[in-house]
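**Student:** If it helps, the file is called start_29.cif and holds mmCIF, C-alpha atoms:
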data_start
#
loop_
_atom_site.label_atom_id
_atom_site.label_comp_id
_atom_site.auth_asym_id
_atom_site.auth_seq_id
_atom_site.Cartn_x
_atom_site.Cartn_y
_atom_site.Cartn_z
CA ASN A 1 151.47 -40.11 -11.79
CA ILE A 2 148.57 -42.44 -11.00
CA ILE A 3 146.15 -39.86 -12.41
CA ILE A 4 148.23 -39.48 -15.59
CA GLY A 5 148.55 -43.24 -15.98
CA ASN A 6 144.83 -43.87 -15.51
CA LEU A 7 143.53 -41.03 -17.69
CA LEU A 8 146.07 -41.77 -20.45
CA SER A 9 146.08 -45.56 -20.09
CA ASP A 10 145.88 -46.03 -23.88
CA ASP A 11 149.13 -44.11 -24.39
CA VAL A 12 151.29 -44.81 -21.31
CA ASP A 13 151.81 -47.76 -19.00
CA PHE A 14 153.82 -48.76 -15.94
CA THR A 15 156.90 -49.86 -17.88
CA LYS A 16 157.00 -46.70 -20.00
CA PHE A 17 156.78 -44.62 -16.81
CA LEU A 18 159.92 -46.31 -15.47
CA ILE A 19 161.83 -46.05 -18.75
CA ASN A 20 161.03 -42.37 -19.36
CA LEU A 21 161.08 -40.96 -15.82
CA ALA A 22 163.95 -42.95 -14.29
CA PRO A 23 166.71 -40.99 -16.13
CA GLY A 24 165.37 -37.70 -14.76
CA VAL A 25 165.23 -39.12 -11.25
CA LEU A 26 168.80 -40.48 -11.53
CA ILE A 27 170.08 -37.12 -12.78
CA THR A 28 168.46 -35.14 -9.95
CA ALA A 29 169.17 -37.65 -7.15
CA PRO A 30 172.86 -36.63 -6.58
CA PHE A 31 171.87 -32.97 -6.23
CA MET A 32 169.13 -33.91 -3.75
CA PHE A 33 171.54 -36.01 -1.71
CA CYS A 34 173.99 -33.09 -1.57
CA TYR A 35 171.20 -30.73 -0.53
CA LEU A 36 169.98 -33.09 2.21
CA TRP A 37 173.52 -33.58 3.47
CA PHE A 38 174.00 -29.82 3.62
CA ILE A 39 170.73 -29.25 5.53
CA PHE A 40 171.20 -32.16 7.98
CA ARG A 41 174.99 -32.27 8.08
CA GLU A 42 175.19 -31.82 11.86
CA ASP A 43 172.92 -34.80 12.49
CA LEU A 44 174.71 -36.97 9.95
CA ARG A 45 178.20 -36.34 11.33
CA GLY A 46 177.39 -37.91 14.70
CA PRO A 47 177.39 -41.65 15.40
CA LEU A 48 174.33 -43.70 14.54
CA ASP A 49 172.39 -43.92 17.78
CA ALA A 50 170.26 -47.00 17.25
CA ASP A 51 169.72 -49.83 19.69
CA VAL A 52 168.94 -52.66 17.28
CA PRO A 53 167.98 -55.29 19.91
CA THR A 54 165.55 -52.84 21.53
CA LEU A 55 164.03 -52.03 18.15
CA GLN A 56 163.62 -55.73 17.41
CA GLN A 57 161.82 -56.22 20.73
CA THR A 58 159.64 -53.14 20.28
CA TYR A 59 158.62 -53.89 16.69
CA PRO A 60 158.75 -57.68 16.31
CA ILE A 61 157.42 -59.65 13.34
CA THR A 62 154.37 -61.18 14.97
CA ASN A 63 153.15 -63.21 11.99
CA ARG A 64 155.86 -64.49 9.66
CA GLY A 65 153.36 -66.47 7.61
CA LEU A 66 151.38 -63.33 6.86
CA LEU A 67 154.62 -61.53 6.01
CA VAL A 68 155.42 -64.19 3.40
CA LYS A 69 151.89 -64.00 1.98
CA CYS A 70 152.13 -60.19 1.74
CA GLY A 71 155.46 -60.47 -0.03
CA VAL A 72 154.12 -62.98 -2.56
CA VAL A 73 150.99 -60.92 -3.29
CA LEU A 74 152.97 -57.68 -3.58
CA GLY A 75 155.46 -59.34 -5.91
CA CYS A 76 152.66 -60.66 -8.13
CA VAL A 77 150.99 -57.25 -8.25
CA ILE A 78 154.22 -55.50 -9.28
CA LEU A 79 154.88 -58.21 -11.87
CA CYS A 80 151.42 -57.62 -13.34
CA PHE A 81 152.20 -53.90 -13.51
CA PHE A 82 155.25 -54.69 -15.65
CA LEU A 83 153.22 -57.08 -17.81
CA HIS A 84 150.59 -54.43 -18.59
CA PRO A 85 151.84 -53.95 -22.21
CA VAL A 86 151.23 -57.68 -22.76
CA THR A 87 148.09 -58.33 -20.71
CA HIS A 88 146.47 -54.86 -21.06
CA VAL A 89 144.86 -55.40 -17.65
CA ASP A 90 144.13 -52.11 -15.88
CA PRO A 91 146.57 -51.52 -12.96
CA ALA A 92 143.66 -50.50 -10.75
CA PHE A 93 142.02 -53.89 -11.31
CA VAL A 94 145.33 -55.62 -10.53
CA SER A 95 145.67 -53.68 -7.26
CA ILE A 96 142.11 -54.47 -6.15
CA LEU A 97 142.58 -58.13 -7.07
CA GLY A 98 145.77 -58.24 -5.00
CA ALA A 99 144.01 -56.66 -2.02
CA VAL A 100 141.13 -59.16 -2.20
CA TRP A 101 143.60 -62.03 -2.60
CA LEU A 102 145.48 -60.88 0.50
CA LEU A 103 142.28 -60.55 2.53
CA ILE A 104 141.33 -64.11 1.63
CA ALA A 105 144.84 -65.39 2.37
CA PHE A 106 144.90 -63.53 5.71
CA ASP A 107 141.66 -64.21 7.54
CA MET A 108 138.16 -63.39 6.34
CA HIS A 109 137.16 -62.70 9.95
CA HIS A 110 139.45 -59.65 9.94
CA CYS A 111 138.04 -58.10 6.74
CA HIS A 112 136.20 -55.48 8.77
CA GLU A 113 139.45 -54.27 10.36
CA ALA A 114 141.14 -54.10 6.96
CA LEU A 115 138.26 -52.14 5.42
CA MET A 116 138.31 -49.72 8.35
CA ALA A 117 142.00 -49.07 7.63
CA VAL A 118 141.24 -47.93 4.05
CA GLU A 119 141.58 -44.16 3.63
CA TRP A 120 137.99 -43.62 2.56
CA ASP A 121 138.30 -39.85 2.88
CA THR A 122 141.09 -39.89 0.27
CA LEU A 123 138.98 -41.99 -2.11
CA LEU A 124 136.05 -39.63 -1.60
CA PHE A 125 138.36 -36.69 -2.30
CA PHE A 126 139.44 -38.19 -5.63
CA ALA A 127 135.86 -39.01 -6.60
CA ALA A 128 134.75 -35.46 -5.84
CA LEU A 129 137.82 -34.06 -7.60
CA PHE A 130 136.97 -35.78 -10.88
CA VAL A 131 133.38 -34.57 -10.59
CA VAL A 132 134.69 -31.00 -10.26
CA VAL A 133 137.08 -31.43 -13.20
CA GLU A 134 134.26 -32.81 -15.38
CA GLY A 135 132.07 -29.86 -14.34
CA VAL A 136 134.83 -27.42 -15.26
CA GLY A 137 135.13 -29.18 -18.61
CA GLU A 138 131.40 -28.86 -19.26
CA LEU A 139 131.64 -25.13 -18.52
CA GLY A 140 134.25 -24.77 -21.27
CA LEU A 141 137.16 -23.65 -19.08
CA LEU A 142 139.38 -26.58 -20.09
CA ARG A 143 138.65 -25.87 -23.74
CA ALA A 144 139.59 -22.22 -23.24
CA ILE A 145 142.91 -23.16 -21.61
CA ALA A 146 143.63 -25.66 -24.39
CA SER A 147 142.85 -23.02 -27.03
CA ILE A 148 145.35 -20.60 -25.48
CA LEU A 149 148.06 -23.27 -25.39
CA SER A 150 147.19 -24.37 -28.93
CA ASP A 151 147.56 -20.82 -30.25
CA ILE A 152 150.98 -20.48 -28.61
CA VAL A 153 152.26 -23.83 -29.91
CA ARG A 154 150.73 -23.31 -33.36
CA SER A 155 152.63 -20.03 -33.72
CA VAL A 156 155.97 -21.84 -34.11
CA PRO A 157 157.14 -24.07 -37.01
CA VAL A 158 155.77 -27.62 -37.07
CA ASP A 159 159.14 -29.25 -36.37
CA SER A 160 159.55 -27.15 -33.18
CA ARG A 161 156.04 -27.51 -31.79
CA GLN A 162 156.72 -30.63 -29.72
CA ILE A 163 159.70 -29.01 -27.96
CA VAL A 164 157.81 -25.78 -27.31
CA ALA A 165 154.83 -27.71 -25.93
CA ILE A 166 157.09 -29.74 -23.62
CA VAL A 167 158.82 -26.63 -22.27
CA ILE A 168 155.49 -24.85 -21.64
CA ILE A 169 153.95 -27.87 -19.89
CA VAL A 170 157.01 -28.55 -17.70
CA TRP A 171 157.41 -24.98 -16.48
CA ALA A 172 153.71 -24.18 -16.19
CA SER A 173 153.16 -27.41 -14.21
CA ALA A 174 156.14 -26.73 -11.97
CA ILE A 175 155.15 -23.13 -11.19
CA PHE A 176 151.45 -23.82 -10.63
CA SER A 177 152.15 -26.94 -8.55
CA ALA A 178 154.37 -24.89 -6.24
CA PHE A 179 151.37 -22.76 -5.24
CA VAL A 180 148.34 -25.03 -5.67
CA ASP A 181 147.97 -28.74 -4.92
CA ASN A 182 149.42 -30.70 -7.82
CA ILE A 183 146.74 -33.44 -7.69
CA PRO A 184 143.79 -31.30 -8.86
CA PHE A 185 146.13 -29.43 -11.19
CA THR A 186 147.18 -32.69 -12.87
CA ALA A 187 143.59 -33.94 -13.11
CA THR A 188 142.66 -30.67 -14.80
CA MET A 189 145.62 -30.61 -17.18
CA VAL A 190 145.31 -34.11 -18.65
CA PRO A 191 142.13 -33.27 -20.63
CA VAL A 192 143.82 -30.03 -21.69
CA LEU A 193 146.76 -32.00 -23.10
CA GLN A 194 144.41 -34.32 -24.96
CA GLN A 195 142.65 -31.34 -26.52
CA LEU A 196 145.99 -29.71 -27.38
CA VAL A 197 147.16 -32.83 -29.22
CA ALA A 198 143.86 -33.03 -31.11
CA ASP A 199 144.05 -29.37 -32.18
CA VAL A 200 147.74 -28.95 -33.09
CA GLU A 201 149.64 -30.81 -35.78
CA GLY A 202 153.08 -32.14 -34.86
CA VAL A 203 152.40 -32.70 -31.14
CA SER A 204 152.04 -36.15 -29.56
CA ILE A 205 150.63 -36.98 -26.14
CA ARG A 206 153.36 -39.17 -24.64
CA PRO A 207 156.12 -36.54 -24.33
CA LEU A 208 153.56 -34.15 -22.85
CA ALA A 209 152.56 -36.80 -20.31
CA TRP A 210 156.18 -37.10 -19.14
CA ALA A 211 156.51 -33.30 -19.10
CA LEU A 212 153.40 -33.01 -16.90
CA ALA A 213 154.69 -35.75 -14.59
CA PHE A 214 158.10 -34.08 -14.13
CA GLY A 215 156.67 -30.58 -13.76
CA ALA A 216 153.90 -31.45 -11.31
CA CYS A 217 156.01 -33.80 -9.19
CA PHE A 218 159.08 -31.57 -8.91
CA GLY A 219 157.00 -28.39 -8.67
CA GLY A 220 154.95 -29.87 -5.84
CA ASN A 221 158.05 -29.68 -3.65
CA GLY A 222 157.78 -25.90 -3.82
#
Will you turn the file into structure tokens for me?
**Tutor:**
Amino acid sequence: NIIIGNLLSDDVDFTKFLINLAPGVLITAPFMFCYLWFIFREDLRGPLDADVPTLQQTYPITNRGLLVKCGVVLGCVILCFFLHPVTHVDPAFVSILGAVWLLIAFDMHHCHEALMAVEWDTLLFFAALFVVVEGVGELGLLRAIASILSDIVRSVPVDSRQIVAIVIIVWASAIFSAFVDNIPFTATMVPVLQQLVADVEGVSIRPLAWALAFGACFGGNG
């Protein structure tokens, strides 16, 4: 979802993600709760074995002031996410600004410890991933995939093309994401969707973005 939001920042934002994806999550949540209850029913039937005083002693809040500062910064960051349609400030910039603000509010002497805690290998993975996707695009593979999808969608009447495109993207994303990692798949598919919208009349990018999000996220559970 972060990849979709960043690569399609001109068309989707944080608020639209909540509005369009929340209904699907609410519809599927009861089925997931039933499934989880069925799988873990023996564990859930027993009494809750939790010693709260021991947990409080084992994991105490050692710095309440820092906890308050973290809460304030996190609240401001989330508020800025919601205000993106008004401010048009990139969510990535908001997140980095919040992290810097928290480092300053915490203690500049501990910046080294905080930077060591960053998952640099994950950031390097994403950087390398986008390099690979751009290389694949330069080779023409993304264009070839988009051409195949365009031919399929173009073969139906104009008023049905959006629905057909949504169905193809949802199911293709779900099936592929069940077998390959959905992060590189999503990074590869976003340029394909952009090319599809440019080539085919009667297809808009936003519904396809939600279709990719649902398909890749649910399919990744496979």
**Student:** Residues picked by the PyMOL selection byres ((chain A and resi 75-90) around 10) here, as number ranges by chain?
**Tutor:** A: 5-6, 9-10, 12-16, 18, 69-74, 91-99
**Student:** Please indicate the distance in Å from atom CA of Asp51 of chain A to atom CA of Tyr35 of chain A, rounded to one decimal place.
**Tutor:**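 Going from atom CA of Asp51 of chain A over to atom CA of Tyr35 of chain A covers 27.9 Å.
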**Student:** Excluding same-chain residues fewer than 4 positions from Gln195 of chain A, what lies within 9 Å of it counting all atoms listed in the file, as an NGL selection string?
**Tutor:** :A and (142-143 or 146-147 or 150 or 190-191 or 199-200)
**Student:** Would you compute the distance between atom CA of Pro184 of chain A and atom CA of Ala213 of chain A? Give it in Å to one decimal.
**Tutor:**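 Distance between the two atoms: 13.1 Å.
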**Student:** Skipping near chain neighbours, those fewer than 5 positions away, what residues fall within 10 Å of Cys217 of chain A using all atoms listed in the file, listed as a VMD selection string?
**Tutor:** chain A and resid 1 173 to 174 177 to 178 182 to 183 186 211 to 212 222
**Student:** Have a look at A:Val158, A:Gly220, A:Trp171, A:Ala187 and name the one nearest to Glu201 of chain A; count all atoms listed in the file.
**Tutor:**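 Nearest candidate to Glu201 of chain A out of A:Val158, A:Gly220, A:Trp171, A:Ala187: A:Val158.
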**Student:** With 5 Å of padding per side, what axis-aligned box (centre and edge lengths, Å, one decimal) covers all the listed atoms of segment 16-23 of chain A? Give it as AutoDock Vina command-line options.
**Tutor:**
--center_x 161.7 --center_y -43.8 --center_z -17.1 --size_x 19.9 --size_y 15.7 --size_z 15.7
**Student:** Would you compute the distance between atom CA of Met116 of chain A and atom CA of Leu103 of chain A? Give it in Å to one decimal.
**Tutor:**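 Distance between the two atoms: 12.9 Å.
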**Student:** Excluding segment 136-138 of chain A and its own-chain neighbours fewer than 6 positions away, which residues fall within 10 Å of it when counting all atoms listed in the file? Please give them as a ChimeraX atom specification.
**Tutor:** /A:130,144,188,191-192
**Student:** Taking all atoms listed in the file into account, name the residue in A:Cys34, A:Ile19, A:Ile148, A:Ile163 that is nearest to Ser204 of chain A.
**Tutor:** A:Ile163
